[in-house]
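Source file: upload.txt; contents: compact mmCIF, C-alpha atoms.
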# COMPACT_ATOMS: atom_id res chain seq x y z
CA MET A 264 9.69 22.71 -6.06
CA SER A 265 9.32 25.36 -8.64
CA GLY A 266 7.04 28.19 -7.71
CA GLU A 267 7.15 29.92 -4.33
CA SER A 268 8.19 33.53 -4.69
CA GLY A 269 10.31 32.85 -7.73
CA GLN A 270 7.75 31.05 -9.83
CA PRO A 271 8.81 30.80 -13.43
CA PRO A 272 6.88 33.14 -15.69
CA ALA A 273 4.32 31.68 -18.04
CA ALA A 274 5.60 31.27 -21.56
CA ALA A 275 4.75 34.00 -24.03
CA ASP A 276 2.02 31.89 -25.65
CA GLY A 277 0.32 31.42 -22.28
CA CYS A 278 1.66 27.88 -21.75
CA GLN A 279 3.19 26.87 -18.44
CA ALA A 280 6.92 26.75 -18.88
CA ASP A 281 7.39 24.13 -16.14
CA LEU A 282 4.55 21.79 -17.12
CA ASP A 283 5.67 18.34 -18.19
CA LEU A 284 3.20 17.08 -20.78
CA ALA A 285 4.57 13.52 -20.86
CA PRO A 286 2.02 10.86 -19.88
CA THR A 287 2.28 9.45 -16.36
CA PRO A 288 1.81 5.65 -16.16
CA LEU A 289 -0.30 5.84 -12.99
CA LEU A 290 -2.66 8.50 -14.36
CA GLU A 291 -2.81 6.82 -17.76
CA ALA A 292 -4.01 3.62 -16.10
CA ILE A 293 -6.77 5.55 -14.36
CA ARG A 294 -7.68 7.56 -17.46
CA ASN A 295 -8.15 4.42 -19.49
CA GLU A 296 -10.55 3.04 -16.97
CA ASP A 297 -14.15 2.92 -18.17
CA LYS A 298 -15.36 4.45 -14.92
CA THR A 299 -16.04 8.10 -15.62
CA TRP A 300 -19.21 9.40 -13.95
CA ASP A 301 -21.09 9.87 -17.23
CA LYS A 302 -20.73 6.16 -17.93
CA LEU A 303 -21.01 4.90 -14.38
CA ALA A 304 -24.07 6.83 -13.15
CA PRO A 305 -26.55 5.45 -15.74
CA ARG A 306 -25.50 1.90 -14.91
CA TYR A 307 -26.80 2.46 -11.37
CA GLY A 308 -29.81 4.58 -12.35
CA VAL A 309 -28.25 7.68 -10.76
CA THR A 310 -29.32 11.01 -12.28
CA ASN A 311 -27.02 13.39 -10.38
CA PRO A 312 -24.88 14.96 -13.13
CA ASP A 313 -21.76 15.23 -10.95
CA PRO A 314 -19.74 12.68 -9.03
CA PRO A 315 -19.93 13.10 -5.25
CA TRP A 316 -16.22 13.92 -5.01
CA LYS A 317 -16.46 16.99 -7.27
CA VAL A 318 -17.08 19.47 -4.42
CA SER A 319 -14.13 18.00 -2.54
CA LEU A 320 -11.91 18.41 -5.60
CA TYR A 321 -12.90 22.09 -5.82
CA ALA A 322 -12.12 22.54 -2.13
CA THR A 323 -8.68 20.97 -2.64
CA CYS A 324 -7.97 23.41 -5.49
CA GLU A 325 -9.13 26.32 -3.29
CA CYS A 326 -6.94 25.17 -0.39
CA LEU A 327 -3.90 24.81 -2.64
CA ALA A 328 -4.45 28.35 -3.90
CA ALA A 329 -5.10 29.79 -0.44
CA GLY A 330 -1.85 28.27 0.83
CA GLU A 331 -0.04 29.55 -2.28
CA ALA A 332 1.14 26.03 -3.15
CA LEU A 333 -0.66 26.20 -6.49
CA PRO A 334 -2.11 29.57 -7.55
CA SER A 335 -5.49 29.27 -9.24
CA LEU A 336 -4.49 31.04 -12.42
CA GLU A 337 -1.50 28.78 -12.97
CA ARG A 338 -3.61 25.71 -12.30
CA ARG A 339 -6.28 26.84 -14.75
CA ARG A 340 -3.74 27.51 -17.48
CA ALA A 341 -2.18 24.10 -16.95
CA GLU A 342 -5.62 22.46 -16.87
CA ASP A 343 -6.40 24.07 -20.23
CA GLN A 344 -3.16 22.80 -21.72
CA LEU A 345 -3.62 19.27 -20.43
CA GLY A 346 -7.32 19.28 -21.35
CA GLU A 347 -6.45 20.14 -24.94
CA THR A 348 -3.72 17.52 -25.16
CA LEU A 349 -3.15 14.58 -22.84
CA TYR A 350 -6.63 14.33 -21.30
CA SER A 351 -8.70 15.62 -24.20
CA GLY A 352 -10.84 12.48 -24.36
CA THR A 353 -11.80 12.52 -20.69
CA PRO A 354 -14.99 14.29 -19.50
CA ALA A 355 -14.84 17.41 -17.34
CA PRO A 356 -14.72 16.49 -13.66
CA GLU A 357 -12.40 13.53 -14.23
CA GLN A 358 -10.29 15.61 -16.60
CA GLN A 359 -9.86 18.29 -13.95
CA LEU A 360 -8.93 15.68 -11.35
CA LEU A 361 -6.35 14.04 -13.61
CA ALA A 362 -4.98 17.44 -14.55
CA LEU A 363 -4.64 18.50 -10.91
CA ALA A 364 -2.75 15.31 -10.04
CA HIS A 365 -0.59 15.74 -13.16
CA ILE A 366 0.22 19.38 -12.33
CA MET A 367 1.11 18.50 -8.74
CA LEU A 368 3.38 15.67 -9.96
CA SER A 369 4.94 17.96 -12.54
CA ARG A 370 5.65 20.67 -9.95
CA GLY A 371 7.06 18.21 -7.43
CA LEU A 372 4.23 18.73 -4.94
CA LEU A 373 3.60 14.97 -5.14
CA SER A 374 5.64 12.02 -6.30
CA GLU A 375 4.23 9.12 -8.29
CA LYS A 376 5.56 6.73 -5.67
CA ASP A 377 3.74 8.57 -2.87
CA LEU A 378 0.56 8.80 -4.89
CA THR A 379 0.58 5.08 -5.66
CA ARG A 380 1.18 4.27 -2.00
CA CYS A 381 -1.56 6.59 -0.83
CA MET A 382 -4.08 5.34 -3.40
CA ASN A 383 -3.46 1.76 -2.27
CA ALA A 384 -3.94 2.78 1.35
CA VAL A 385 -7.12 4.73 0.58
CA ARG A 386 -8.63 1.87 -1.40
CA LEU A 387 -7.87 -0.59 1.38
CA ARG A 388 -9.48 1.78 3.87
CA LEU A 389 -12.63 2.30 1.78
CA GLU A 390 -13.03 -1.41 1.11
CA ALA A 391 -12.43 -2.48 4.69
CA SER A 392 -15.38 -4.17 6.34
CA MET B 140 -27.14 -0.02 -0.29
CA GLN B 141 -30.22 -0.13 -2.52
CA GLN B 142 -32.52 -1.71 0.02
CA SER B 143 -36.18 -0.77 0.18
CA HIS B 144 -37.30 0.59 3.48
CA ASN B 145 -40.07 2.64 4.86
CA HIS B 146 -39.04 6.25 5.29
CA ASP B 147 -38.43 9.37 3.26
CA HIS B 148 -35.18 10.57 1.79
CA ASP B 149 -33.07 13.65 1.54
CA ASP B 150 -33.65 13.93 -2.18
CA GLY B 151 -37.33 14.51 -1.48
CA SER B 152 -38.54 11.33 -3.14
CA HIS B 153 -41.46 9.76 -1.36
CA ASP B 154 -41.63 6.40 -3.03
CA HIS B 155 -40.34 4.65 0.09
CA LYS B 156 -37.33 3.24 -1.68
CA ALA B 157 -33.72 4.20 -1.11
CA ALA B 158 -32.49 6.51 -3.86
CA PRO B 159 -30.18 4.69 -6.28
CA MET B 160 -26.49 5.35 -5.85
CA VAL B 161 -23.23 4.28 -7.40
CA ASP B 162 -22.18 1.50 -5.09
CA GLU B 163 -18.70 1.12 -6.49
CA ILE B 164 -15.35 2.63 -5.53
CA THR B 165 -13.62 3.90 -8.65
CA ASP B 166 -10.01 4.88 -9.13
CA PHE B 167 -11.19 8.45 -9.67
CA GLU B 168 -12.77 8.58 -6.21
CA VAL B 169 -9.62 7.04 -4.73
CA LEU B 170 -7.37 9.47 -6.64
CA GLU B 171 -9.32 12.49 -5.37
CA ILE B 172 -8.93 11.36 -1.76
CA ALA B 173 -5.26 10.42 -2.22
CA VAL B 174 -4.32 13.79 -3.76
CA ARG B 175 -6.08 15.63 -0.94
CA GLU B 176 -4.60 13.49 1.83
CA LEU B 177 -1.08 13.69 0.45
CA ALA B 178 -1.39 17.48 0.26
CA ILE B 179 -2.48 17.45 3.91
CA GLU B 180 0.34 15.06 4.80
CA LYS B 181 2.83 17.43 3.19
CA GLY B 182 1.43 20.40 5.09
CA LEU B 183 0.08 22.26 2.06
CA PHE B 184 -3.21 22.73 3.97
CA THR B 185 -5.07 21.05 6.82
CA ALA B 186 -8.06 18.73 6.87
CA GLU B 187 -9.97 21.49 8.64
CA ASP B 188 -9.07 24.00 5.90
CA HIS B 189 -10.55 21.57 3.41
CA ARG B 190 -13.71 21.02 5.44
CA ASN B 191 -14.15 24.79 5.78
CA PHE B 192 -13.89 25.34 2.03
CA THR B 193 -16.31 22.49 1.38
CA GLU B 194 -18.81 23.92 3.84
CA TRP B 195 -18.48 27.35 2.24
CA ALA B 196 -19.19 25.84 -1.13
CA GLU B 197 -22.37 24.20 0.03
CA SER B 198 -24.08 26.52 2.47
CA ILE B 199 -25.01 30.16 2.81
CA GLY B 200 -25.81 31.82 6.12
CA PRO B 201 -26.99 30.34 9.40
CA ALA B 202 -29.48 27.48 9.07
CA ALA B 203 -32.73 27.24 11.05
CA GLY B 204 -30.92 24.74 13.26
CA SER B 205 -28.38 27.45 14.14
CA ARG B 206 -31.14 29.54 15.72
CA LEU B 207 -32.34 26.48 17.60
CA VAL B 208 -28.89 25.88 19.08
CA ALA B 209 -28.34 29.56 19.93
CA LYS B 210 -31.66 29.74 21.75
CA ALA B 211 -30.89 26.53 23.66
CA TRP B 212 -27.54 28.01 24.72
CA THR B 213 -29.15 31.16 26.10
CA ASP B 214 -32.50 29.90 27.44
CA PRO B 215 -32.30 26.91 29.84
CA ALA B 216 -36.08 26.42 29.86
CA PHE B 217 -36.13 26.29 26.06
CA LYS B 218 -33.26 23.79 26.09
CA ALA B 219 -35.14 21.57 28.53
CA ARG B 220 -38.21 21.62 26.27
CA LEU B 221 -36.04 20.97 23.22
CA LEU B 222 -34.40 17.91 24.73
CA ALA B 223 -37.76 16.60 25.95
CA ASP B 224 -39.71 17.13 22.70
CA ALA B 225 -37.64 18.58 19.86
CA THR B 226 -40.29 18.17 17.16
CA GLN B 227 -42.78 20.28 19.10
CA THR B 228 -40.20 22.81 20.34
CA CYS B 229 -39.01 23.53 16.78
CA ARG B 230 -42.30 25.39 16.29
CA GLU B 231 -41.06 28.04 18.70
CA ILE B 232 -38.45 29.11 16.14
CA GLY B 233 -40.88 28.80 13.24
CA VAL B 234 -40.06 25.29 12.02
CA ASP B 235 -43.06 22.99 11.77
CA TRP B 236 -42.00 19.52 10.70
CA THR B 237 -45.39 18.90 9.12
CA GLU B 238 -45.21 21.98 6.88
CA PRO B 239 -42.79 23.05 4.13
CA THR B 240 -40.05 25.33 5.43
CA GLY B 241 -38.26 26.33 2.27
CA SER B 242 -35.32 24.12 3.04
CA GLY B 243 -37.10 20.79 3.00
CA THR B 244 -39.92 19.06 4.76
CA ALA B 245 -40.68 15.59 5.91
CA SER B 246 -42.94 13.50 3.72
CA ASP B 247 -44.76 12.26 6.76
CA TYR B 248 -44.77 13.15 10.42
CA MET B 249 -41.63 12.08 12.21
CA HIS B 250 -39.71 12.43 15.38
CA LEU B 251 -36.73 14.72 15.90
CA GLN B 252 -34.29 14.11 18.68
CA VAL B 253 -31.68 16.70 19.67
CA LEU B 254 -28.46 15.17 20.96
CA GLU B 255 -26.77 17.24 23.63
CA ASP B 256 -22.97 17.21 23.67
CA THR B 257 -21.11 17.59 26.93
CA PRO B 258 -17.40 18.16 27.62
CA THR B 259 -16.99 14.36 27.75
CA LEU B 260 -19.54 13.21 25.15
CA HIS B 261 -19.60 14.07 21.45
CA HIS B 262 -22.40 13.09 19.05
CA VAL B 263 -22.27 12.71 15.28
CA ILE B 264 -25.14 11.75 12.97
CA VAL B 265 -25.37 9.50 9.93
CA CYS B 266 -27.89 7.58 7.86
CA THR B 267 -26.34 4.22 7.07
CA LEU B 268 -29.25 3.09 4.90
CA CYS B 269 -29.53 6.12 2.64
CA SER B 270 -29.43 9.87 3.28
CA CYS B 271 -32.02 10.75 5.96
CA TYR B 272 -31.17 14.18 7.30
CA PRO B 273 -32.93 16.89 9.36
CA ARG B 274 -33.65 19.01 6.27
CA PRO B 275 -36.20 21.39 7.84
CA LEU B 276 -33.39 22.52 10.15
CA LEU B 277 -30.22 22.11 8.07
CA GLY B 278 -31.31 22.31 4.43
CA HIS B 279 -30.03 19.76 1.96
CA SER B 280 -27.39 17.31 3.06
CA PRO B 281 -23.78 17.74 1.93
CA TYR B 282 -22.44 15.42 -0.77
CA TRP B 283 -20.21 13.52 1.63
CA TYR B 284 -23.12 12.76 3.99
CA ARG B 285 -24.69 10.73 1.19
CA SER B 286 -21.50 8.91 0.22
CA PRO B 287 -20.95 5.24 1.05
CA ASN B 288 -17.51 6.25 2.35
CA TYR B 289 -19.05 8.29 5.20
CA ARG B 290 -22.06 6.05 5.84
CA ARG B 291 -20.16 2.81 6.01
CA ARG B 292 -17.11 3.99 7.87
CA LEU B 293 -18.49 6.42 10.45
CA VAL B 294 -20.25 3.69 12.41
CA ARG B 295 -17.13 1.51 12.42
CA TRP B 296 -14.33 4.02 12.86
CA PRO B 297 -15.88 7.31 14.04
CA ARG B 298 -12.66 8.86 15.37
CA GLN B 299 -10.81 8.12 12.14
CA VAL B 300 -13.58 9.62 10.02
CA LEU B 301 -13.87 12.70 12.27
CA ALA B 302 -10.11 13.20 12.01
CA GLU B 303 -10.47 13.26 8.22
CA PHE B 304 -12.69 16.33 8.74
CA GLY B 305 -9.97 17.88 10.91
CA LEU B 306 -11.77 17.10 14.17
CA ILE B 307 -9.49 15.20 16.52
CA LEU B 308 -11.15 14.48 19.84
CA PRO B 309 -9.16 13.59 22.95
CA PRO B 310 -9.54 10.03 24.24
CA GLU B 311 -11.45 11.19 27.32
CA VAL B 312 -14.29 12.37 25.08
CA ASP B 313 -16.67 9.54 24.19
CA VAL B 314 -18.02 9.54 20.65
CA ARG B 315 -21.60 8.42 20.04
CA VAL B 316 -22.86 7.88 16.49
CA GLU B 317 -26.62 8.13 15.96
CA ASP B 318 -28.06 6.40 12.90
CA SER B 319 -31.30 7.80 11.52
CA ASN B 320 -34.02 5.20 11.52
CA GLN B 321 -37.47 4.70 10.14
CA LYS B 322 -39.09 7.88 11.41
CA CYS B 323 -36.44 9.58 13.45
CA ARG B 324 -34.07 12.43 12.63
CA PHE B 325 -31.23 13.66 14.81
CA MET B 326 -29.38 16.94 15.24
CA VAL B 327 -26.40 17.71 17.48
CA LEU B 328 -26.54 20.42 20.15
CA PRO B 329 -22.83 21.25 20.52
CA VAL B 330 -21.19 22.61 23.64
CA ARG B 331 -21.21 26.43 23.71
CA PRO B 332 -17.60 27.48 23.13
CA ALA B 333 -15.64 29.63 25.56
CA GLY B 334 -15.25 33.22 24.52
CA THR B 335 -18.94 33.71 23.68
CA GLU B 336 -20.07 34.99 27.07
CA ASN B 337 -22.62 37.83 26.83
CA TRP B 338 -23.17 37.19 23.12
CA THR B 339 -26.68 37.67 21.73
CA GLU B 340 -28.67 34.83 20.17
CA GLU B 341 -28.03 36.32 16.73
CA GLN B 342 -24.27 36.39 17.31
CA LEU B 343 -24.30 32.82 18.60
CA ALA B 344 -26.40 31.55 15.68
CA GLU B 345 -23.74 32.82 13.28
CA ILE B 346 -21.07 30.48 14.62
CA VAL B 347 -23.27 27.37 14.68
CA THR B 348 -22.48 26.08 11.23
CA ARG B 349 -24.06 23.12 9.49
CA ASP B 350 -21.14 20.80 10.20
CA CYS B 351 -21.34 21.55 13.94
CA MET B 352 -24.93 20.28 13.98
CA ILE B 353 -23.99 17.12 12.09
CA GLY B 354 -21.14 16.63 14.54
CA VAL B 355 -18.10 16.73 12.24
CA ALA B 356 -16.94 20.12 13.56
CA LEU B 357 -17.07 22.18 16.75
CA PRO B 358 -18.31 25.78 16.91
CA ARG B 359 -15.65 28.44 17.35
CA PRO B 360 -16.04 32.13 18.19
CA ASP B 361 -13.99 33.08 15.13
CA ARG B 362 -15.78 30.98 12.54
CA LYS B 363 -19.12 31.91 10.97
CA ALA B 364 -21.22 30.09 8.39
CA ASP B 365 -21.26 33.10 6.09
CA ASP B 366 -17.71 34.29 6.54
CA VAL B 367 -16.34 36.03 3.51
CA ARG B 368 -14.22 33.57 1.60
CA PRO B 369 -10.56 34.47 1.54
CA VAL B 370 -9.56 36.04 -1.73
CA HIS B 371 -6.04 35.60 -2.97
CA LYS B 372 -5.04 37.84 -5.80
CA ALA B 373 -3.48 36.10 -8.76
CA ASN B 374 0.26 36.56 -9.10
CA ARG B 375 -0.08 37.32 -12.77
CA PRO B 376 -3.66 38.38 -13.48
CA VAL B 377 -5.03 37.96 -16.97
CA PRO B 378 -5.04 41.35 -18.71
CA SER B 379 -8.54 42.43 -19.63
CA GLU B 380 -10.19 45.59 -20.88
CA HIS B 381 -11.64 46.08 -17.39
CA HIS B 382 -8.23 45.84 -15.73
CA GLN B 383 -6.60 48.03 -18.33
CA ALA B 384 -9.28 50.66 -17.82
CA GLU B 385 -8.71 50.53 -14.06
CA ALA B 386 -4.96 50.82 -14.54
CA GLY B 387 -5.44 53.83 -16.77
CA GLU B 388 -7.54 55.71 -14.23
Starting from the coordinates I provided, produce the structure as structure tokens.
Amino acid sequence: MSGESGQPPAAADGCQADLDLAPTPLLEAIRNEDKTWDKLAPRYGVTNPDPPWKVSLYATCECLAAGEALPSLERRRAEDQLGETLYSGTPAPEQQLLALAHIMLSRGLLSEKDLTRCMNAVRLRLEAS
Amino acid sequence: MQQSHNHDHDDGSHDHKAAPMVDEITDFEVLEIAVRELAIEKGLFTAEDHRNFTEWAESIGPAAGSRLVAKAWTDPAFKARLLADATQTCREIGVDWTEPTGSGTASDYMHLQVLEDTPTLHHVIVCTLCSCYPRPLLGHSPYWYRSPNYRRRLVRWPRQVLAEFGLILPPEVDVRVEDSNQKCRFMVLPVRPAGTENWTEEQLAEIVTRDCMIGVALPRPDRKADDVRPVHKANRPVPSEHHQAEAGE
């Protein structure tokens, strides 16, 4: 993976040199889903402004930074880039989640194959009765 | 999970109806879990690291319940009273379940039961119907306690769910899940960890974190509720006037 001690420097304009901005089929399929919290919560009469997984997402970002797998500043820069381009139409918590997955795929911390497999396994587990 | 039933709720509503919730598993929720679990699988951090950061994000300082546990660890007579009548014994540390405490109060009188762990028995609490929680002792419940994921799965697969918090219990330890009911709240009294001999009540209270009293973590001598969060300096900090001024000094 890129990064570690020899992480590539950010480009002069502040953009991440190693960030692939091409759409990812898996994340595109999720992004197009009409299930963002701002649309979902009112359907169920829920007034909490944030999805329940938001705190967990923050903790994941903190853990990735603490372990030096993904420094916070690099993540934030990449989030800004992706938020202004690929995921510009997606609201904040979902945008940050998509951006994190995208950055991790782009840096080789995850593979799309692994992520698809794990999502299938997680959904099966959550829907088990 | 939107059934009506006759008890109060963590959100403080007293209309005797379960608070509405999104009873649907979205791809976003699944993606968040998958990203986290893959990162754990690849060794980027551990499930316990993640639980620690989540707990940090949601709580500050020892809860009233921490003092209750610390006193029970150091005073056998108090512990006996606590296990016999927890609701009454809470008054000895200044928590009256019929009065506001600053971190939540019951809407009507109810019964608290303290669940004592032993080296071979571990308790964990849940509210499968909604989000009932011992707020006067622990403050507001964490987000995951209110999630269908935790509520539905803990009663079916407790060891699997505990492992997702980084707590892997050996097979010789029995796991007992207590489900809050109409007028009953539960709190876990964990086993006092080794290495805390001769500690004061105040020292002990500091290591009894919220998650230990829910039962998804065990107290450790080196882990406090209000530990300073680790700070990792950015590799390439953003230049600012403040930094430039510091550099120029």
- request: Mind giving me the straight-line distance from atom CA of Lys298 of chain A to atom CA of Phe304 of chain B in Å, one decimal?
  value: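 These atoms are spaced 26.6 Å apart.
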8 Å contacts from chain A to chain B using all atoms listed in the file, as an MDAnalysis selection string: chainID A and resid 293 298:299 303:304 307:309 315:316 318:323 325:330 332 334:336 357 360 364 372:373 377:378 381:382 385:386 389
field: Interatomic distance (Å, one decimal) between atom CA of Leu328 of chain B and atom CA of Trp236 of chain B
entry: 18.1 Å
- prompt: What is the distance, in Å and to one decimal place, between atom CA of Pro358 of chain B and atom CA of Pro332 of chain B?
  reply: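 Those two atoms sit 6.5 Å apart.
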Pick from B:Asp224, B:Glu311, B:Asp214, B:Glu187 nearest to Pro258 of chain B, counting all atoms listed in the file: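 When distances to Pro258 of chain B are compared using all atoms listed in the file, the smallest one comes from B:Glu311.
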query: Contacts of Pro356 of chain A at 8 Å or less, counting only C-alpha atoms, minus same-chain residues fewer than 6 places along, as a ChimeraX atom specification?
result: /A:313-314,317
Residues within 10 Å of (1.5, 13.0, -23.5), file coords, only C-alpha atoms, listed as a ChimeraX atom specification: /A:283-287,291,345,348-350
Keeping only C-alpha atoms, write the selected residues as a PDB file, keeping the file's coordinate frame.
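So the final result, stored in out-v3.pdb, reads:
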ATOM      1  CA  ASP A 283       5.670  18.340 -18.190  1.00  0.00           C
ATOM      2  CA  LEU A 284       3.200  17.080 -20.780  1.00  0.00           C
ATOM      3  CA  ALA A 285       4.570  13.520 -20.860  1.00  0.00           C
ATOM      4  CA  PRO A 286       2.020  10.860 -19.880  1.00  0.00           C
ATOM      5  CA  THR A 287       2.280   9.450 -16.360  1.00  0.00           C
ATOM      6  CA  GLU A 291      -2.810   6.820 -17.760  1.00  0.00           C
ATOM      7  CA  LEU A 345      -3.620  19.270 -20.430  1.00  0.00           C
ATOM      8  CA  THR A 348      -3.720  17.520 -25.160  1.00  0.00           C
ATOM      9  CA  LEU A 349      -3.150  14.580 -22.840  1.00  0.00           C
ATOM     10  CA  TYR A 350      -6.630  14.330 -21.300  1.00  0.00           C
TER      11      TYR A 350
END
When you look at Gln342 of chain B with a cut-off of 10 Å (counting all atoms listed in the file), what residues show up, excluding the ones that are within fewer than 3 positions of it in the same chain? I need them as a PDB file with C-alpha atoms, in the coordinates of the input.
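Printed below is part.pdb as written:
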ATOM      1  CA  ARG B 206     -31.140  29.540  15.720  1.00  0.00           C
ATOM      2  CA  ALA B 209     -28.340  29.560  19.930  1.00  0.00           C
ATOM      3  CA  THR B 335     -18.940  33.710  23.680  1.00  0.00           C
ATOM      4  CA  ASN B 337     -22.620  37.830  26.830  1.00  0.00           C
ATOM      5  CA  TRP B 338     -23.170  37.190  23.120  1.00  0.00           C
ATOM      6  CA  THR B 339     -26.680  37.670  21.730  1.00  0.00           C
ATOM      7  CA  GLU B 345     -23.740  32.820  13.280  1.00  0.00           C
ATOM      8  CA  ILE B 346     -21.070  30.480  14.620  1.00  0.00           C
ATOM      9  CA  VAL B 347     -23.270  27.370  14.680  1.00  0.00           C
ATOM     10  CA  PRO B 360     -16.040  32.130  18.190  1.00  0.00           C
ATOM     11  CA  LYS B 363     -19.120  31.910  10.970  1.00  0.00           C
TER      12      LYS B 363
END
task: Kindly indicate which residue among B:Ile264, B:Leu276, B:Val330, B:Cys323 lies nearest to Arg290 of chain B, using only C-alpha atoms for the distances.
output: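 Selected residue with least distance to Arg290 of chain B: B:Ile264.
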task: Quick one: everything within 10 Å of Glu375 of chain A, counting only C-alpha atoms, minus sequence neighbours fewer than 5 positions away in the same chain. Send it as a list of chain:residue names.
output: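 Residues near the query, excluding close chain neighbours: A:Thr287, A:Pro288, A:Leu289, A:Leu290, A:Ala364, A:His365, A:Met367, A:Leu368, A:Ser369, A:Arg380, A:Cys381.
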